[in-house]
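**Q** Coordinates in structure07.txt, compact mmCIF, C-alpha atoms, are listed below.
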```txt
# COMPACT_ATOMS: atom_id res chain seq x y z
CA MET A 1 69.55 110.27 118.57
CA ASN A 2 72.16 112.97 118.03
CA ALA A 3 74.95 110.60 119.13
CA SER A 4 73.77 108.04 116.59
CA LEU A 5 73.66 110.62 113.84
CA ILE A 6 77.21 111.72 114.67
CA ASN A 7 78.43 108.12 114.65
CA TYR A 8 76.68 107.40 111.38
CA THR A 9 78.08 110.54 109.74
CA LEU A 10 81.55 109.61 110.98
CA HIS A 11 81.13 106.10 109.60
CA LEU A 12 80.40 107.58 106.16
CA ALA A 13 83.25 110.05 106.45
CA ASP A 14 85.72 107.38 107.56
CA ASN A 15 84.75 105.08 104.66
CA ALA A 16 85.44 107.83 102.15
CA LEU A 17 88.65 109.04 103.81
CA ILE A 18 90.27 105.65 104.31
CA ILE A 19 89.63 104.36 100.79
CA GLY A 20 90.67 107.77 99.49
CA HIS A 21 93.91 107.55 101.45
CA ARG A 22 94.55 104.01 100.25
CA ASN A 23 94.03 105.01 96.62
CA SER A 24 96.25 108.05 97.06
CA GLU A 25 99.11 105.65 97.80
CA TRP A 26 99.04 104.85 94.07
CA CYS A 27 99.82 108.45 93.14
CA GLY A 28 103.10 108.30 91.22
CA HIS A 29 103.07 104.47 91.22
CA GLY A 30 100.19 103.65 88.84
CA PRO A 31 100.86 101.05 86.12
CA ILE A 32 100.65 103.69 83.37
CA LEU A 33 100.30 107.45 83.51
CA GLU A 34 96.60 107.63 82.56
CA GLN A 35 95.63 105.08 85.21
CA ASP A 36 97.82 106.76 87.80
CA ILE A 37 95.84 109.93 87.09
CA ALA A 38 92.55 108.02 87.21
CA ILE A 39 93.14 106.40 90.60
CA SER A 40 94.48 109.69 92.00
CA ASN A 41 91.31 111.46 90.82
CA ILE A 42 89.20 108.76 92.48
CA ALA A 43 91.24 109.20 95.66
CA LEU A 44 90.58 112.94 95.58
CA ASP A 45 86.83 112.43 95.15
CA GLY A 46 86.85 110.19 98.22
CA ILE A 47 88.75 112.69 100.32
CA GLY A 48 86.43 115.49 99.15
CA GLN A 49 83.36 113.49 100.10
CA ALA A 50 84.96 112.72 103.46
CA ARG A 51 85.46 116.44 104.07
CA ASN A 52 81.78 117.14 103.52
CA PHE A 53 80.81 114.43 106.00
CA TYR A 54 83.43 115.50 108.56
CA GLN A 55 82.32 119.12 108.35
CA TYR A 56 78.79 118.01 109.10
CA ALA A 57 79.90 115.70 111.92
CA ALA A 58 81.92 118.58 113.41
CA LEU A 59 78.86 120.83 113.28
CA LEU A 60 76.74 118.17 115.00
CA SER A 61 79.41 117.47 117.63
CA GLY A 62 80.13 121.05 118.63
CA ASN A 63 82.83 121.16 121.35
CA GLY A 64 85.26 122.82 118.97
CA ALA A 65 85.48 119.73 116.73
CA THR A 66 86.62 120.45 113.17
CA GLU A 67 86.93 118.36 110.04
CA ASP A 68 90.67 118.20 110.75
CA SER A 69 90.41 117.17 114.39
CA LEU A 70 88.01 114.39 113.42
CA ALA A 71 90.31 113.08 110.69
CA TYR A 72 93.66 113.57 112.37
CA LEU A 73 93.07 113.19 116.08
CA ARG A 74 90.87 110.14 116.49
CA ASP A 75 92.44 106.77 117.13
CA VAL A 76 91.81 103.34 115.58
CA VAL A 77 88.99 102.37 117.97
CA ASP A 78 87.12 105.58 117.11
CA TYR A 79 87.28 104.95 113.37
CA LYS A 80 84.10 103.41 111.95
CA ASN A 81 85.04 102.62 108.38
CA LEU A 82 84.20 99.32 106.72
CA LEU A 83 87.11 96.90 106.84
CA ILE A 84 87.22 96.59 103.06
CA THR A 85 88.33 100.22 102.75
CA GLU A 86 91.46 99.69 104.84
CA LEU A 87 92.75 96.58 103.08
CA PRO A 88 96.21 97.00 101.56
CA ASN A 89 96.41 97.92 97.88
CA GLY A 90 98.14 94.66 96.92
CA ASP A 91 98.60 94.49 93.17
CA TRP A 92 96.56 96.41 90.61
CA ALA A 93 93.94 93.63 90.45
CA GLN A 94 93.38 93.80 94.20
CA THR A 95 93.00 97.59 94.17
CA ILE A 96 90.64 97.42 91.19
CA LEU A 97 88.48 94.74 92.76
CA ARG A 98 88.28 96.55 96.11
CA GLN A 99 87.26 99.71 94.26
CA PHE A 100 84.65 97.95 92.16
CA LEU A 101 83.02 96.19 95.13
CA PHE A 102 83.08 99.35 97.24
CA SER A 103 82.07 101.84 94.53
CA THR A 104 79.14 99.67 93.50
CA TYR A 105 78.07 99.61 97.14
CA GLN A 106 78.48 103.40 97.42
CA TYR A 107 76.53 103.91 94.21
CA TYR A 108 73.39 102.16 95.46
CA PHE A 109 73.96 103.49 98.97
CA TYR A 110 74.06 107.15 97.89
CA GLN A 111 71.02 106.63 95.68
CA GLN A 112 69.10 105.77 98.86
CA LEU A 113 70.81 108.35 101.08
CA GLU A 114 69.70 111.02 98.62
CA LYS A 115 66.19 110.38 100.00
CA SER A 116 67.29 110.66 103.64
CA THR A 117 65.14 112.73 105.97
CA ASP A 118 68.39 114.39 107.06
CA ARG A 119 68.81 117.15 104.49
CA GLN A 120 72.55 117.57 104.78
CA LEU A 121 73.27 113.84 104.39
CA ALA A 122 70.90 113.83 101.41
CA ALA A 123 72.74 116.79 99.85
CA ILE A 124 76.17 115.17 100.30
CA ALA A 125 74.81 111.95 98.78
CA GLU A 126 73.37 113.80 95.79
CA LYS A 127 76.71 115.46 95.15
CA SER A 128 78.81 112.32 95.71
CA LEU A 129 76.64 110.06 93.56
CA LYS A 130 77.66 111.89 90.40
CA GLU A 131 81.32 111.23 91.19
CA VAL A 132 80.84 107.61 92.24
CA THR A 133 79.14 106.89 88.91
CA TYR A 134 82.51 107.43 87.19
CA HIS A 135 84.20 105.14 89.73
CA VAL A 136 81.74 102.32 89.08
CA ARG A 137 82.17 102.59 85.35
CA TRP A 138 85.95 102.78 85.49
CA SER A 139 86.40 99.92 87.97
CA SER A 140 83.85 97.66 86.20
CA GLU A 141 85.74 98.11 82.96
CA TRP A 142 88.97 97.15 84.67
CA VAL A 143 87.44 94.09 86.37
CA ILE A 144 86.22 92.90 82.96
CA ARG A 145 89.50 93.75 81.26
CA LEU A 146 91.57 91.84 83.85
CA GLY A 147 89.20 88.89 84.31
CA ASP A 148 88.63 88.37 80.61
CA GLY A 149 92.19 89.32 79.71
CA THR A 150 95.32 87.17 79.83
CA GLU A 151 95.89 84.10 81.93
CA GLU A 152 98.09 86.17 84.23
CA SER A 153 95.53 88.95 84.73
CA HIS A 154 92.73 86.41 85.24
CA THR A 155 94.75 84.60 87.92
CA ARG A 156 95.55 87.85 89.69
CA LEU A 157 91.92 88.94 89.72
CA SER A 158 90.81 85.50 90.97
CA ASN A 159 93.36 85.75 93.77
CA ALA A 160 92.03 89.19 94.62
CA VAL A 161 88.51 87.76 94.91
CA THR A 162 89.79 85.13 97.36
CA GLU A 163 91.57 87.84 99.32
CA ILE A 164 88.73 90.38 99.53
CA TRP A 165 85.41 88.53 99.29
CA ASN A 166 85.13 87.82 103.04
CA TYR A 167 85.03 91.57 103.67
CA THR A 168 81.90 92.18 101.55
CA ALA A 169 79.29 90.78 103.97
CA GLU A 170 80.03 93.64 106.37
CA LEU A 171 78.72 96.13 103.80
CA PHE A 172 75.19 94.97 104.62
CA ILE A 173 75.32 94.42 108.38
CA PRO A 174 73.93 97.50 110.16
CA ALA A 175 75.66 98.83 113.27
CA SER A 176 73.59 99.64 116.34
CA TYR A 177 73.71 103.40 115.67
CA GLU A 178 72.55 102.68 112.14
CA LYS A 179 69.54 100.56 113.08
CA GLU A 180 68.12 103.38 115.16
CA LEU A 181 68.44 105.84 112.29
CA ILE A 182 66.87 103.51 109.74
CA THR A 183 63.58 103.65 111.63
CA THR A 184 63.53 107.45 111.37
CA GLY A 185 64.36 107.46 107.67
CA ILE A 186 67.78 109.04 108.17
CA ALA A 187 69.99 106.03 107.46
CA VAL A 188 69.91 103.76 104.44
CA ASP A 189 68.16 100.41 104.86
CA LEU A 190 70.98 98.13 103.74
CA SER A 191 68.63 95.24 102.97
CA VAL A 192 67.24 97.36 100.13
CA ILE A 193 70.58 97.81 98.40
CA GLN A 194 72.00 94.33 98.96
CA PRO A 195 70.14 92.64 96.04
CA LEU A 196 71.04 95.54 93.72
CA TRP A 197 74.71 95.20 94.64
CA GLN A 198 74.62 91.41 94.21
CA GLN A 199 73.06 91.72 90.77
CA LYS A 200 75.58 94.26 89.51
CA VAL A 201 78.55 92.32 90.91
CA SER A 202 77.23 89.11 89.42
CA ASP A 203 76.73 90.74 85.98
CA VAL A 204 80.23 92.21 85.90
CA PHE A 205 81.83 89.01 87.23
CA THR A 206 80.06 86.99 84.54
CA GLU A 207 81.43 89.28 81.86
CA ALA A 208 84.84 89.05 83.49
CA THR A 209 84.58 85.21 83.59
CA ILE A 210 85.14 85.30 87.34
CA ALA A 211 83.20 83.15 89.81
CA ILE A 212 81.62 84.43 93.00
CA PRO A 213 82.94 82.31 95.90
CA GLU A 214 80.36 79.82 97.14
CA LYS A 215 81.52 79.80 100.71
CA SER A 216 82.52 82.83 102.66
CA PHE A 217 83.05 84.06 106.17
CA ALA A 218 81.85 87.50 107.22
CA GLN A 219 84.78 89.53 108.49
CA GLN A 220 83.25 92.38 110.42
CA GLY A 221 83.87 94.91 113.16
CA GLY A 222 84.98 98.06 111.38
CA LYS A 223 81.73 99.95 111.90
CA GLY A 224 82.10 99.40 115.63
CA GLY A 225 85.78 100.32 115.83
CA ILE A 226 87.28 96.81 115.67
CA HIS A 227 89.74 96.91 112.83
CA THR A 228 92.34 94.86 111.00
CA GLU A 229 95.98 95.49 111.83
CA HIS A 230 96.24 97.65 108.70
CA LEU A 231 94.30 100.70 109.93
CA GLY A 232 96.86 101.57 112.60
CA TYR A 233 99.57 101.89 109.97
CA ILE A 234 97.36 104.10 107.80
CA LEU A 235 96.59 106.42 110.70
CA ALA A 236 100.22 106.47 111.83
CA GLU A 237 101.22 107.82 108.45
CA MET A 238 98.22 110.06 107.91
CA GLN A 239 98.17 111.59 111.38
CA PHE A 240 101.89 111.85 112.06
CA LEU A 241 102.20 115.51 111.15
CA GLN A 242 99.26 116.69 113.27
CA ARG A 243 100.38 114.57 116.21
CA ALA A 244 104.00 115.75 116.06
CA TYR A 245 103.21 119.37 115.19
CA PRO A 246 99.71 120.07 116.52
CA GLY A 247 97.83 122.64 114.48
CA ALA A 248 100.43 122.73 111.67
CA GLU A 249 99.06 124.23 108.46
CA TRP A 250 100.26 124.45 104.89
CA MET B 251 61.62 151.89 95.25
CA THR B 252 62.98 153.11 98.56
CA VAL B 253 66.47 154.59 98.83
CA LEU B 254 67.63 151.58 100.82
CA SER B 255 66.41 148.97 98.37
CA GLN B 256 67.95 151.01 95.56
CA HIS B 257 71.26 150.94 97.41
CA ILE B 258 71.01 147.21 97.91
CA ASN B 259 70.17 146.69 94.28
CA GLU B 260 73.16 148.67 93.11
CA THR B 261 75.46 146.92 95.57
CA GLU B 262 74.32 143.54 94.32
CA LYS B 263 75.07 144.57 90.75
CA LYS B 264 78.50 145.80 91.83
CA ILE B 265 79.22 142.49 93.51
CA TRP B 266 78.23 140.51 90.42
CA SER B 267 80.64 142.57 88.35
CA LEU B 268 83.39 142.06 90.93
CA LEU B 269 82.77 138.32 90.76
CA GLU B 270 83.39 138.48 87.00
CA THR B 271 87.03 139.17 87.87
CA VAL B 272 87.46 136.07 90.08
CA THR B 273 88.69 133.18 87.98
CA ASP B 274 89.17 129.46 88.40
CA PRO B 275 92.87 128.99 89.31
CA GLU B 276 93.01 125.74 87.29
CA VAL B 277 91.25 127.17 84.23
CA PRO B 278 92.08 130.88 84.42
CA VAL B 279 89.97 131.87 81.41
CA LEU B 280 86.79 131.02 83.29
CA SER B 281 85.26 133.37 85.83
CA VAL B 282 83.33 131.91 88.74
CA ILE B 283 80.19 133.15 87.00
CA ASP B 284 81.08 131.36 83.74
CA LEU B 285 81.63 128.23 85.79
CA GLY B 286 78.12 128.46 87.24
CA ILE B 287 79.21 128.04 90.85
CA ILE B 288 77.74 131.31 92.17
CA ARG B 289 74.24 130.32 93.24
CA ASN B 290 73.11 133.50 94.91
CA VAL B 291 74.20 136.99 95.88
CA THR B 292 72.37 139.04 98.48
CA VAL B 293 73.27 142.13 100.45
CA GLN B 294 72.49 143.05 104.04
CA GLN B 295 72.76 146.52 105.47
CA VAL B 296 75.14 146.62 108.44
CA ASP B 297 74.92 150.36 109.19
CA GLU B 298 74.30 153.53 107.24
CA ASN B 299 77.26 153.21 104.93
CA ASN B 300 78.14 149.56 105.13
CA PHE B 301 76.69 146.59 103.35
CA LYS B 302 77.47 142.95 103.90
CA PRO B 303 77.58 140.71 100.83
CA ILE B 304 76.29 137.17 101.27
CA ILE B 305 77.56 134.92 98.48
CA THR B 306 76.36 131.36 98.05
CA ILE B 307 78.68 129.09 96.12
CA THR B 308 78.55 125.41 95.24
CA PRO B 309 81.57 123.18 94.55
CA THR B 310 82.13 121.62 91.15
CA TYR B 311 83.48 118.30 92.47
CA SER B 312 83.64 117.35 96.18
CA GLY B 313 87.42 117.07 96.15
CA CYS B 314 88.22 120.00 93.90
CA PRO B 315 91.15 121.76 95.62
CA ALA B 316 90.40 124.94 93.66
CA MET B 317 87.25 125.55 95.71
CA ASP B 318 89.09 126.76 98.82
CA VAL B 319 91.26 129.04 96.69
CA ILE B 320 88.21 130.38 94.86
CA SER B 321 86.37 131.27 98.03
CA MET B 322 89.49 132.94 99.41
CA ASN B 323 89.87 134.93 96.17
CA ILE B 324 86.24 136.04 96.31
CA ARG B 325 86.87 137.29 99.84
CA MET B 326 90.02 139.12 98.75
CA VAL B 327 88.30 140.89 95.86
CA LEU B 328 85.45 142.01 98.11
CA LEU B 329 87.84 143.17 100.83
CA GLN B 330 89.75 145.18 98.26
CA ALA B 331 86.50 146.76 97.13
CA GLY B 332 85.97 147.97 100.70
CA TYR B 333 83.52 145.44 102.11
CA LYS B 334 84.43 144.61 105.67
CA GLU B 335 81.96 141.91 106.58
CA ILE B 336 81.63 139.16 104.03
CA ASN B 337 79.70 135.93 104.27
CA ILE B 338 80.52 133.14 101.82
CA LYS B 339 78.24 130.14 102.22
CA GLN B 340 78.57 126.78 100.55
CA VAL B 341 75.61 124.69 99.42
CA LEU B 342 75.76 121.16 97.99
CA SER B 343 72.22 120.73 96.74
CA PRO B 344 71.19 121.04 93.97
CA ALA B 345 74.48 119.53 92.87
CA TRP B 346 76.54 121.55 90.40
CA THR B 347 76.18 120.61 86.76
CA THR B 348 77.99 121.75 83.63
CA GLU B 349 74.56 122.86 82.36
CA TRP B 350 75.08 125.92 84.56
CA MET B 351 78.17 126.93 82.62
CA THR B 352 77.50 130.03 80.53
CA ALA B 353 77.65 129.94 76.71
CA GLU B 354 80.39 132.58 76.98
CA GLY B 355 82.31 130.29 79.30
CA LYS B 356 82.09 127.45 76.79
CA ASP B 357 83.45 129.68 74.03
CA LYS B 358 86.30 130.83 76.26
CA LEU B 359 87.20 127.23 77.07
CA LYS B 360 87.41 126.30 73.41
CA ALA B 361 89.56 129.31 72.60
CA TYR B 362 91.83 128.24 75.46
CA GLY B 363 92.27 124.77 73.94
CA ILE B 364 89.90 122.81 76.17
CA ALA B 365 86.89 121.13 74.56
CA PRO B 366 83.81 122.56 76.32
CA PRO B 367 81.01 120.39 77.74
CA GLN B 368 78.55 119.24 75.10
CA TYR B 369 75.54 121.51 74.63
CA LYS B 370 73.32 118.48 74.97
CA GLN B 371 74.10 117.12 78.42
CA ALA B 372 75.39 113.53 78.25
CA VAL B 373 76.47 112.43 81.70
CA CYS B 374 78.34 109.33 82.75
CA THR B 375 76.33 106.18 83.53
CA PRO B 376 77.68 103.28 85.60
CA ASP B 377 77.62 100.91 82.60
CA ALA B 378 80.98 99.62 81.42
CA PHE B 379 82.23 100.42 77.92
CA GLN B 380 79.32 102.71 77.11
CA GLN B 381 79.16 104.60 73.83
CA GLU B 382 81.50 107.57 73.93
CA GLU B 383 80.28 111.07 73.27
CA ALA B 384 81.45 112.65 70.03
CA ILE B 385 83.76 115.45 71.13
CA GLN B 386 85.13 118.06 68.77
CA CYS B 387 88.87 118.69 68.76
CA PRO B 388 89.43 122.25 70.05
CA GLN B 389 92.53 122.55 67.85
CA CYS B 390 91.42 121.46 64.37
CA ASN B 391 87.63 121.10 64.86
CA SER B 392 87.67 117.47 63.74
CA TRP B 393 85.03 115.16 65.21
CA HIS B 394 87.35 112.23 64.66
CA THR B 395 88.52 111.94 68.28
CA ILE B 396 88.79 109.19 70.87
CA LEU B 397 88.65 108.99 74.64
CA ILE B 398 91.95 108.13 76.31
CA SER B 399 90.72 108.35 79.91
CA GLN B 400 87.62 109.56 81.74
CA PHE B 401 89.99 111.16 84.23
CA GLY B 402 92.28 114.05 83.35
CA SER B 403 94.52 116.69 84.86
CA THR B 404 91.70 117.93 87.10
CA ALA B 405 88.51 116.29 88.38
CA CYS B 406 86.39 118.14 85.82
CA LYS B 407 88.24 116.95 82.74
CA ALA B 408 88.60 113.83 80.60
CA LEU B 409 91.51 113.11 78.30
CA TYR B 410 90.96 112.79 74.53
CA ARG B 411 93.08 112.48 71.41
CA CYS B 412 92.37 113.84 67.96
CA GLU B 413 92.83 111.22 65.25
CA ASP B 414 93.29 113.89 62.57
CA CYS B 415 95.73 116.43 64.02
CA LYS B 416 97.06 113.73 66.43
CA GLU B 417 97.06 116.16 69.35
CA PRO B 418 95.83 115.10 72.79
CA PHE B 419 93.40 117.49 74.43
CA ASP B 420 91.37 118.01 77.60
CA TYR B 421 87.59 117.75 77.52
CA PHE B 422 85.63 119.56 80.23
CA LYS B 423 83.23 116.66 80.73
CA CYS B 424 79.48 116.90 81.17
CA HIS B 425 78.63 116.46 84.82
```
Now, as a test, write the supplied structure out as C-alpha cells.
**A**
Amino acid sequence: MNASLINYTLHLADNALIIGHRNSEWCGHGPILEQDIAISNIALDGIGQARNFYQYAALLSGNGATEDSLAYLRDVVDYKNLLITELPNGDWAQTILRQFLFSTYQYYFYQQLEKSTDRQLAAIAEKSLKEVTYHVRWSSEWVIRLGDGTEESHTRLSNAVTEIWNYTAELFIPASYEKELITTGIAVDLSVIQPLWQQKVSDVFTEATIAIPEKSFAQQGGKGGIHTEHLGYILAEMQFLQRAYPGAEW
Amino acid sequence: MTVLSQHINETEKKIWSLLETVTDPEVPVLSVIDLGIIRNVTVQQVDENNFKPIITITPTYSGCPAMDVISMNIRMVLLQAGYKEINIKQVLSPAWTTEWMTAEGKDKLKAYGIAPPQYKQAVCTPDAFQQEEAIQCPQCNSWHTILISQFGSTACKALYRCEDCKEPFDYFKCH
C-alpha cells in the first residue's frame, strides 16, 4: 500500500519535472520574447508542482530521502513519467501540441485528484489545478492559431500530430501501483477523465482544422520505467552537477 | 485572562507586527501580510522566558522562487527579535488566492506601477480566447488597455499595454 503510494506520487512528480525541464530548454530560445516568458513560466509551474510531489514522496519514503535526492539521484529505470513528457521539443508546433495534450490531461486529472482520499495529494492537486488552467488556455490558443493559421504553420502542426499522437494512449493506461490505489479512492480513475480529454481535444482540433489520426499505436512503458532513448539525455544534463559534485548547493 | 495567556497574546501581536516588515523580494512594496500568504500565527511556551512562534504560510504559485526566500527572511526577522526556536510550516490547501490580498496591498501595488488584482475576482478559465478583463492602467488610469500575454515577469503577473499612454505594464492577475 505504502509502496504503491510512493510510486504513484513519484509518477506524478516525474511527469511534472520532466515536462518542466523540457519546457525550460526554451528559456532564451522562444520565438518571441513574450512567448519565451510564457513557456518559461509554464516550465516553472511544472517544476514547482514536482517539488510538492517529491517532498511528499520523500516524507513517505523516509530513509533520508529528500526532494533533491529523488530528482537528482534516481536513474532512468526508476523514473515513472509518461513518455509524452520526455519527447524532444522539436519545433514550436511540436512543443505546443505536446503541452496542449498534456495540460488538458493534467487539467481533468487534477480535478479528480482534488477529491482523493489522500489529503496531501488532494491539496497539491487543488493548488496545481489553478496553474494548469492557464496552460490549457494558452496552449489551446496556440494550437488553434497554428492549425488555422498559414499553410506552413498548419503543416507543422499536422506533422506534430503524426509525431506525438501515439504517445497519448498511455495517458489512460493505469500502472499496477495505480490500479491498487484507485480501489481505495487515492488514485484517479483514468477511465473517468478519458472522455473529457477526448472531447476537449476534439473541440480544439476542430477549431484548428486539424484531424485526429484514425489509426494509432499505443507507445507505453514510461509509468513502469521503460523509457524512450530521450530520457537518459535529459537526466544526464539535469543530474550532472549532483553526480559530479554530490551535495553541491547554490 | 491568566498571565501566561496574556503573554502569548502579546507575543502573537508582536510577531504579526514583525511580519509586517517582511516583504516579497519580487514586489518589495508588499509585505507578506499584504500578500495574504500568512495563514496562521500561534505561540508555544518553551520555558519561563521563551516562546516559540509557529507560522503557517502558503505559497502563491507552486514554482514561485520567492517562497524559499520569504520563509528564510521570516526566520531571520524572528531570530533578530530574539526568538530561538521558530517553526515555519507550509500548507497548500486551501490554495492561495488574490482575494486574500489586503486592500492596503492593492493600493501599494498601484502606487508602485503594478495594476492590482481586480476587486471582483475574475480567474482564468481553460477556454481559448476568452473575454479579457478590463484592467486599469496604473500610470494614466485609462481603461483602454489590452492584454499582451497572460504570463509576465513573475508567475503572478500578466503583461498589458495601455492604448492611451502607450506604456506597457504588469498586472497582478486574479488567481
**Q** Return as AutoDock Vina command-line options the box centre and box size in Å, one decimal, for an axis-aligned box around all listed atoms of range 400-404 of chain B padded by 3 Å per side.
**A**
```
--center_x 91.1 --center_y 113.7 --center_z 84.4 --size_x 12.9 --size_y 14.4 --size_z 11.4
```
**Q** Can you tell me which residues surround Lys179 in chain A at a distance of at most 12 Å, considering only C-alpha atoms, apart from same-chain residues fewer than 2 positions away, and format the answer as a PyMOL selection string?
**A** chain A and resi 1+4-5+7-8+172-177+181-191
**Q** Could you check which of A:Ser128, A:Thr66, A:Thr117, A:Ser103 is closest to chain B, using all atoms listed in the file?
**A**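 Ranking A:Ser128, A:Thr66, A:Thr117, A:Ser103 by distance to chain B, first place goes to A:Ser128.
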**Q** Output as a tab-separated table one row per residue of chain A within 6 Å of chain B: the closest atom pair and its distance in Å to one decimal place, counting all atoms listed in the file, sorted by chain and residue number ascending.
**A**
```
residue	atom	partner	partner_atom	distance
A:Ala38	CA	B:Phe401	CA	5.0
A:Leu44	CA	B:Gly313	CA	5.2
A:Asp45	CA	B:Gly313	CA	4.8
A:Gly48	CA	B:Gly313	CA	3.5
A:Gln49	CA	B:Ser312	CA	5.5
A:Ala123	CA	B:Ser343	CA	5.0
A:Lys127	CA	B:Ala345	CA	5.2
A:Thr133	CA	B:Pro376	CA	5.1
A:Val136	CA	B:Pro376	CA	5.4
A:Arg137	CA	B:Pro376	CA	4.5
A:Ser140	CA	B:Ala378	CA	5.9
A:Glu141	CA	B:Ala378	CA	5.2
```
**Q** So that I can check the surroundings of Glu260 in chain B, please list as a VMD selection string every protein, DNA and RNA residue that reaches within 12 Å of it, counting all atoms listed in the file and ignoring chain neighbours fewer than 4 positions away.
**A** chain B and resid 253 to 256 264 to 267 292 to 293 301 303
**Q** Could you tell me how far CA of Glu131 in chain A sits from CA of Leu83 in chain A, in Å to one decimal place?
**A** 22.0 Å
**Q** Go through A:Thr168, A:Gln199, A:Gln99, A:Asn41 and flag the residue nearest Leu82 in chain A, using all atoms listed in the file for the distances.
**A**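 Of A:Thr168, A:Gln199, A:Gln99, A:Asn41, the one nearest Leu82 in chain A is A:Thr168, counting all atoms listed in the file.
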**Q** Please compute the CA of Ile144 in chain A-CA of Gln35 in chain A distance, one decimal, in Å.
**A**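 Atom-to-atom, CA of Ile144 in chain A and CA of Gln35 in chain A are spaced 15.6 Å apart.
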**Q** If you count all atoms listed in the file, which residues fall within 10 Å of Glu417 in chain B, apart from same-chain ones fewer than 4 positions away, as JSON, numbers by chain?
**A** {"B": [387, 388, 389, 390, 395, 410, 411, 412, 413]}
**Q** Could you check which of B:Ala353, B:Ile307, B:Leu359, B:Met322 is closest to Gln340 in chain B, using all atoms listed in the file?
**A** B:Ile307
**Q** Find the spatial neighbours of Trp350 in chain B, counting only C-alpha atoms, within a cut-off of 10 Å - ignore same-chain residues fewer than 3 positions away - and output them as a list in words.
**A**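 The residues satisfying every condition are Ile283, Asp284, Leu285, Gly286, Ile287, Ile288, Arg289, Trp346, Thr347, Ala353 and Gly355 of chain B.
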**Q** Please produce a file of those selected residues containing C-alpha atoms, as an mmCIF file, in the coordinates of the input.
**A**
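Okay, this is what ended up in part18.cif:
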```
data_model
loop_
_atom_site.group_PDB
_atom_site.id
_atom_site.type_symbol
_atom_site.label_atom_id
_atom_site.label_comp_id
_atom_site.auth_asym_id
_atom_site.auth_seq_id
_atom_site.Cartn_x
_atom_site.Cartn_y
_atom_site.Cartn_z
ATOM 1 C CA ILE B 283 80.190 133.150 87.000
ATOM 2 C CA ASP B 284 81.080 131.360 83.740
ATOM 3 C CA LEU B 285 81.630 128.230 85.790
ATOM 4 C CA GLY B 286 78.120 128.460 87.240
ATOM 5 C CA ILE B 287 79.210 128.040 90.850
ATOM 6 C CA ILE B 288 77.740 131.310 92.170
ATOM 7 C CA ARG B 289 74.240 130.320 93.240
ATOM 8 C CA TRP B 346 76.540 121.550 90.400
ATOM 9 C CA THR B 347 76.180 120.610 86.760
ATOM 10 C CA ALA B 353 77.650 129.940 76.710
ATOM 11 C CA GLY B 355 82.310 130.290 79.300
#
```
**Q** Between CA of Leu241 in chain A and CA of His29 in chain A, what distance in Å does the model show, to one decimal?
**A**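 Spanning CA of Leu241 in chain A to CA of His29 in chain A is a straight-line distance of 22.8 Å.
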**Q** Nearest to Gln239 in chain A: which of A:Asp68, A:Asp148, A:Asp14, A:Asp78 is it, counting only C-alpha atoms?
**A**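 Looking only at the distances to Gln239 in chain A, the closest residue turns out to be A:Asp68.
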**Q** Residues within 9 Å of Glu383 in chain B, please, as number ranges by chain. Count all atoms listed in the file; anything in the same chain fewer than 6 positions from it doesn't count.
**A** B: 368, 372, 397
**Q** Write out the residues from the selection above, keeping C-alpha atoms, as an mmCIF file, keeping the file's coordinate frame.
**A**
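Saved to result.cif:
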```
data_model
loop_
_atom_site.group_PDB
_atom_site.id
_atom_site.type_symbol
_atom_site.label_atom_id
_atom_site.label_comp_id
_atom_site.auth_asym_id
_atom_site.auth_seq_id
_atom_site.Cartn_x
_atom_site.Cartn_y
_atom_site.Cartn_z
ATOM 1 C CA GLN B 368 78.550 119.240 75.100
ATOM 2 C CA ALA B 372 75.390 113.530 78.250
ATOM 3 C CA LEU B 397 88.650 108.990 74.640
#
```
**Q** Counting only C-alpha atoms, which of B:Ser321, B:Thr261, B:Thr273, B:Thr308 gets nearest to Gln295 in chain B?
**A** B:Thr261
**Q** Selecting C-alpha atoms, how would range 112-128 of chain A from this structure be written as an mmCIF file, in the first residue's frame?
**A**
```
data_model
loop_
_atom_site.group_PDB
_atom_site.id
_atom_site.type_symbol
_atom_site.label_atom_id
_atom_site.label_comp_id
_atom_site.auth_asym_id
_atom_site.auth_seq_id
_atom_site.Cartn_x
_atom_site.Cartn_y
_atom_site.Cartn_z
ATOM 1 C CA GLN A 112 -10.297 14.308 -9.910
ATOM 2 C CA LEU A 113 -7.208 14.148 -7.701
ATOM 3 C CA GLU A 114 -8.605 17.079 -5.741
ATOM 4 C CA LYS A 115 -11.160 14.563 -4.421
ATOM 5 C CA SER A 116 -8.520 11.983 -3.473
ATOM 6 C CA THR A 117 -8.821 10.316 -0.086
ATOM 7 C CA ASP A 118 -5.127 11.152 0.355
ATOM 8 C CA ARG A 119 -5.247 14.684 1.733
ATOM 9 C CA GLN A 120 -1.798 15.780 0.658
ATOM 10 C CA LEU A 121 -2.262 14.627 -2.949
ATOM 11 C CA ALA A 122 -5.636 16.391 -2.934
ATOM 12 C CA ALA A 123 -4.026 19.602 -1.646
ATOM 13 C CA ILE A 124 -1.275 19.542 -4.291
ATOM 14 C CA ALA A 125 -3.908 18.934 -6.975
ATOM 15 C CA GLU A 126 -6.032 21.834 -5.755
ATOM 16 C CA LYS A 127 -3.043 24.145 -5.898
ATOM 17 C CA SER A 128 -1.752 22.887 -9.263
#
```
